[in-house]
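Structure first, then comments.
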Amino acid sequence: MAARSALYNVIERAVRKAARGLVHDFGEIENLQVSVKGPADFVSTADLQAERILKAELGKARPEFGFLMEEGGAVTGDGRHRWIVDPLDGTTNFLHGIPHFAISIAVEREGEIIAGVVYDPMRDEMFYAEKGFGAFVNDRRLRVSARQQLGDSVIGTGIPYRERGDHPEYLKLLAAVMATTAGVRRMGAASLDLAYVAAGRYDGFFEIGLSPWDIAAGMLLVREAGGYVSEIDGGRDVLKSGNVLAANDRLSAPLGKLLRNAGGKSA
Ligand code: IPD
Ligand code: CA
């Protein structure tokens, strides 16, 4: 990227510091102390430590901003700005020693996402977008894929598990996508799934019931890379519903139609 903004520099510094801890803990995964937050929702000490670092670093640089964090919840700020933070997206991968996870940070100003970073420390890929200035990975500009046919496309998704989500509904959507596309991927970190749509690695992505910290940064990456993000039913309240459809500009409409025709509440 040619000129990096002051905001980007703040986020990058915080993210790299938090990532050093995650990488260290990932190397010692077997010794990690793991606590159980819910039946299918493990939170590692690494996760909490990363969030503490991010909160301290971001808070020091922009004390007026509020926070919405996966572990720590909401912290009120000036009422105009807030950080939306997932300190470890891909927790299940992390705890299983699968090297695919990320830190996701977005900046919301008056209800609009204006900057987003998704960092994959294992590959040292820093995905970054600022509203109106494009999307990048490290120093390379990102552009969504140019594929035009669903039959040639690779679609990312997230599969609900245990008590999470409506499994029969999800299976209808998955069946339609399986039957129509060149392949479906479930890699386990929604923020990176969206970054991969922005990078043209995936041609599209869909998932039901995500949280704002999973998607806020990634949504901006996709849009700034020339792609589209909406709810699966075509609505605009993606951050609220967490039902996400993201795709390149050519496949957004046909993929949306395919999912809506498959039926289900979210479609
Ligand atoms: C999860 C990941 C996963 C998605 C789940 C999310 P976490 O976040 O993004 O890909 O399918 O719905 O909850 O728990 O690893 O931070
Ligand atoms: Ca997450």
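Ordered as shown in the structure tokens, chains take letters A, B, and onward, while each chain numbers its residues from 1 and ligands are numbered from 1 in the order shown.
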
> So which bits of region 96-200 of chain A end up strand (DSSP E) when you DSSP the backbone, as a PyMOL selection string?
Replying inline: chain A and resi 102-109+112-120+125-130+135-137+140-141+154-157+183-185

> Skipping near chain neighbours, those fewer than 4 positions away, what residues fall within 10 Å of Lys240 (chain A) using only C-alpha atoms, listed as number ranges by chain?
Replying inline: A: 209-212, 231, 236

>> Please list as a PyMOL selection string every residue within 7 Å of region 73-88 of chain A, counting only C-alpha atoms and excluding residues in the same chain fewer than 3 positions away.
In response: chain A and resi 47+50-51+64-70+91+101-110+213-214

Residue selection dump (N, CA and C atoms) as a PDB file, in the first residue's frame:
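Everything below was put into part10.pdb:
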```pdb
ATOM      1  N   ASP A  47      -6.402 -16.638  23.858  1.00  0.00           N
ATOM      2  CA  ASP A  47      -7.484 -15.798  23.366  1.00  0.00           C
ATOM      3  C   ASP A  47      -7.656 -14.576  24.291  1.00  0.00           C
ATOM      4  N   ALA A  50      -4.627 -12.263  24.174  1.00  0.00           N
ATOM      5  CA  ALA A  50      -4.607 -11.454  22.939  1.00  0.00           C
ATOM      6  C   ALA A  50      -5.599 -10.302  23.060  1.00  0.00           C
ATOM      7  N   GLU A  51      -6.765 -10.584  23.601  1.00  0.00           N
ATOM      8  CA  GLU A  51      -7.760  -9.511  23.743  1.00  0.00           C
ATOM      9  C   GLU A  51      -7.278  -8.424  24.707  1.00  0.00           C
ATOM     10  N   GLU A  64     -10.743   7.564  23.217  1.00  0.00           N
ATOM     11  CA  GLU A  64     -12.164   7.953  23.125  1.00  0.00           C
ATOM     12  C   GLU A  64     -13.030   6.868  22.478  1.00  0.00           C
ATOM     13  N   PHE A  65     -12.410   5.875  21.839  1.00  0.00           N
ATOM     14  CA  PHE A  65     -13.191   4.852  21.129  1.00  0.00           C
ATOM     15  C   PHE A  65     -13.771   3.840  22.118  1.00  0.00           C
ATOM     16  N   GLY A  66     -14.990   3.383  21.853  1.00  0.00           N
ATOM     17  CA  GLY A  66     -15.564   2.262  22.601  1.00  0.00           C
ATOM     18  C   GLY A  66     -15.069   0.935  22.025  1.00  0.00           C
ATOM     19  N   PHE A  67     -15.550  -0.163  22.601  1.00  0.00           N
ATOM     20  CA  PHE A  67     -15.162  -1.498  22.133  1.00  0.00           C
ATOM     21  C   PHE A  67     -16.374  -2.409  22.043  1.00  0.00           C
ATOM     22  N   LEU A  68     -16.336  -3.312  21.078  1.00  0.00           N
ATOM     23  CA  LEU A  68     -17.202  -4.487  21.090  1.00  0.00           C
ATOM     24  C   LEU A  68     -16.262  -5.669  20.869  1.00  0.00           C
ATOM     25  N   MET A  69     -16.121  -6.494  21.918  1.00  0.00           N
ATOM     26  CA  MET A  69     -15.124  -7.567  21.858  1.00  0.00           C
ATOM     27  C   MET A  69     -15.789  -8.909  22.091  1.00  0.00           C
ATOM     28  N   GLU A  70     -15.222  -9.950  21.465  1.00  0.00           N
ATOM     29  CA  GLU A  70     -15.825 -11.269  21.612  1.00  0.00           C
ATOM     30  C   GLU A  70     -15.855 -11.708  23.072  1.00  0.00           C
ATOM     31  N   THR A  91     -10.907 -20.292  16.761  1.00  0.00           N
ATOM     32  CA  THR A  91     -10.475 -20.848  18.059  1.00  0.00           C
ATOM     33  C   THR A  91     -10.384 -22.363  18.020  1.00  0.00           C
ATOM     34  N   PHE A 101      -5.993 -19.380  11.611  1.00  0.00           N
ATOM     35  CA  PHE A 101      -6.744 -18.537  12.547  1.00  0.00           C
ATOM     36  C   PHE A 101      -6.297 -17.097  12.329  1.00  0.00           C
ATOM     37  N   ALA A 102      -7.013 -16.154  12.915  1.00  0.00           N
ATOM     38  CA  ALA A 102      -6.712 -14.748  12.638  1.00  0.00           C
ATOM     39  C   ALA A 102      -7.136 -13.849  13.792  1.00  0.00           C
ATOM     40  N   ILE A 103      -6.595 -12.645  13.750  1.00  0.00           N
ATOM     41  CA  ILE A 103      -7.095 -11.547  14.585  1.00  0.00           C
ATOM     42  C   ILE A 103      -7.902 -10.649  13.653  1.00  0.00           C
ATOM     43  N   SER A 104      -9.092 -10.253  14.080  1.00  0.00           N
ATOM     44  CA  SER A 104      -9.924  -9.383  13.244  1.00  0.00           C
ATOM     45  C   SER A 104     -10.281  -8.112  14.013  1.00  0.00           C
ATOM     46  N   ILE A 105     -10.006  -6.976  13.399  1.00  0.00           N
ATOM     47  CA  ILE A 105     -10.310  -5.685  14.037  1.00  0.00           C
ATOM     48  C   ILE A 105     -10.972  -4.763  13.023  1.00  0.00           C
ATOM     49  N   ALA A 106     -12.098  -4.186  13.419  1.00  0.00           N
ATOM     50  CA  ALA A 106     -12.753  -3.191  12.562  1.00  0.00           C
ATOM     51  C   ALA A 106     -12.946  -1.909  13.353  1.00  0.00           C
ATOM     52  N   VAL A 107     -13.009  -0.812  12.623  1.00  0.00           N
ATOM     53  CA  VAL A 107     -13.335   0.472  13.240  1.00  0.00           C
ATOM     54  C   VAL A 107     -14.692   0.904  12.713  1.00  0.00           C
ATOM     55  N   GLU A 108     -15.610   1.132  13.653  1.00  0.00           N
ATOM     56  CA  GLU A 108     -16.955   1.598  13.284  1.00  0.00           C
ATOM     57  C   GLU A 108     -17.067   3.075  13.669  1.00  0.00           C
ATOM     58  N   ARG A 109     -17.526   3.884  12.708  1.00  0.00           N
ATOM     59  CA  ARG A 109     -17.770   5.303  13.005  1.00  0.00           C
ATOM     60  C   ARG A 109     -19.215   5.616  12.670  1.00  0.00           C
ATOM     61  N   GLU A 110     -19.951   6.055  13.677  1.00  0.00           N
ATOM     62  CA  GLU A 110     -21.371   6.367  13.512  1.00  0.00           C
ATOM     63  C   GLU A 110     -22.099   5.281  12.734  1.00  0.00           C
ATOM     64  N   TRP A 213     -18.061  -9.405  15.415  1.00  0.00           N
ATOM     65  CA  TRP A 213     -16.587  -9.451  15.415  1.00  0.00           C
ATOM     66  C   TRP A 213     -16.027 -10.454  14.408  1.00  0.00           C
ATOM     67  N   ASP A 214     -16.839 -11.435  14.000  1.00  0.00           N
ATOM     68  CA  ASP A 214     -16.372 -12.385  12.976  1.00  0.00           C
ATOM     69  C   ASP A 214     -16.290 -11.724  11.597  1.00  0.00           C
TER      70      ASP A 214
END
```

>> For a test of reading the model, state the distance in Å between CA of Ala246 (chain A) and CA of Leu220 (chain A), rounded to one decimal.
In response: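 Between these atoms lies a distance of 10.7 Å.
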
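Pairwise distance (atom 15 (O, counted along the ligand's line) of ligand 1, CA of Ser191 (chain A)) equals 9.3 Å.
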
>> I'd like the interatomic distance between CA of Glu28 (chain A) and CA of Glu125 (chain A), to a tenth of an Å.
In response: 21.8 Å

Report as a CSV table (one decimal) with N, CA, C and O atoms, in the first residue's frame all protein, DNA and RNA residues lying within 9 Å of Gln148 (chain A), evaluated on only C-alpha atoms, omitting residues in the same chain fewer than 4 positions from it.
```csv
chain,number,residue,atom,x,y,z
A,152,ASP,N,-18.0,-23.0,-12.0
A,152,ASP,CA,-16.5,-22.9,-11.9
A,152,ASP,C,-16.1,-22.4,-10.5
A,152,ASP,O,-14.9,-22.3,-10.2
A,153,SER,N,-17.0,-22.1,-9.7
A,153,SER,CA,-16.7,-21.3,-8.5
A,153,SER,C,-16.4,-22.2,-7.2
A,153,SER,O,-17.0,-23.2,-7.1
A,248,ASN,N,-18.0,-12.3,-5.5
A,248,ASN,CA,-17.6,-11.3,-6.4
A,248,ASN,C,-18.8,-10.6,-7.1
A,248,ASN,O,-19.9,-11.1,-6.9
A,249,ASP,N,-18.5,-9.6,-7.8
A,249,ASP,CA,-19.6,-8.8,-8.4
A,249,ASP,C,-20.5,-9.6,-9.4
A,249,ASP,O,-21.7,-9.3,-9.5
A,250,ARG,N,-19.9,-10.5,-10.1
A,250,ARG,CA,-20.7,-11.3,-11.0
A,250,ARG,C,-21.5,-12.4,-10.4
A,250,ARG,O,-22.6,-12.8,-10.9
A,251,LEU,N,-21.0,-13.0,-9.3
A,251,LEU,CA,-21.7,-14.2,-8.8
A,251,LEU,C,-22.6,-13.9,-7.6
A,251,LEU,O,-23.3,-14.8,-7.2
```

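Residues surrounding Gly116 (chain A) within 9 Å are Tyr8, Ile11, Ser104, Ile105, Ala106, Val107, Phe127, Tyr128, Ala129, Glu130, Lys131, Ala216, Ala217, Gly218, Met219, Leu220 and Leu221 of chain A [only C-alpha atoms; sequence separation below 6 positions excluded].
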
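For the residues A:Asp233, A:Asp203, A:Asp89, A:Glu169, ranking by smallest atom-to-atom distance to ligand 2 using only C-alpha atoms and all ligand atoms places A:Asp89 first.
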
> Quick one: of A:Phe206, A:Ala190, A:Phe136, A:Val117, who's nearest to ligand 2, counting only C-alpha atoms and all ligand atoms?
Replying inline: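 Ranked by minimum distance to ligand 2, first place goes to A:Ala190.
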
> If we count only C-alpha atoms, what is near Asp25 (chain A) at a cut-off of 7 Å, once residues fewer than 4 positions away on the same chain are taken out, given as a count of residues only?
Replying inline: 3

> Hey, which of A:Ala195, A:Leu173, A:Val10, A:Ile113 ends up closest to Arg143 (chain A)? Count only C-alpha atoms.
Replying inline: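 Result for the nearest residue to Arg143 (chain A): A:Ala195.
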
>> Residues of region 140-257 of chain A classed as alpha helix (DSSP H) by DSSP on the backbone are to be reported as a ChimeraX atom specification.
In response: /A:167-180,190-198,212-224,238-241,252-257

> Using only C-alpha atoms, which residue out of A:Gly256, A:Gly59, A:Pro121, A:Gly204 lies closest to Ser145 (chain A)?
Replying inline: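 Of the candidates, the smallest distance to Ser145 (chain A) is held by A:Gly204.
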
>> Restricting the calculation to only C-alpha atoms and all ligand atoms: of A:Glu12, A:Glu224, A:Asp193, A:Asp166, which residue gets closest to ligand 1?
In response: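 So, comparing all the options, the nearest one is A:Asp193.
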
> Residues at most 7 Å from Val184 (chain A), counting only C-alpha atoms, excluding those fewer than 5 positions away in the same chain, as number ranges by chain?
Replying inline: A: 154-156, 178

Export of the given selection (C-alpha atoms) as a CSV table (one decimal), in the first residue's frame:
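Output below, filename selection.csv:
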```csv
chain,number,residue,atom,x,y,z
A,154,VAL,CA,-15.3,-22.3,-5.1
A,155,ILE,CA,-17.5,-21.2,-2.2
A,156,GLY,CA,-16.4,-20.9,1.4
A,178,MET,CA,-22.7,-28.5,-3.5
```
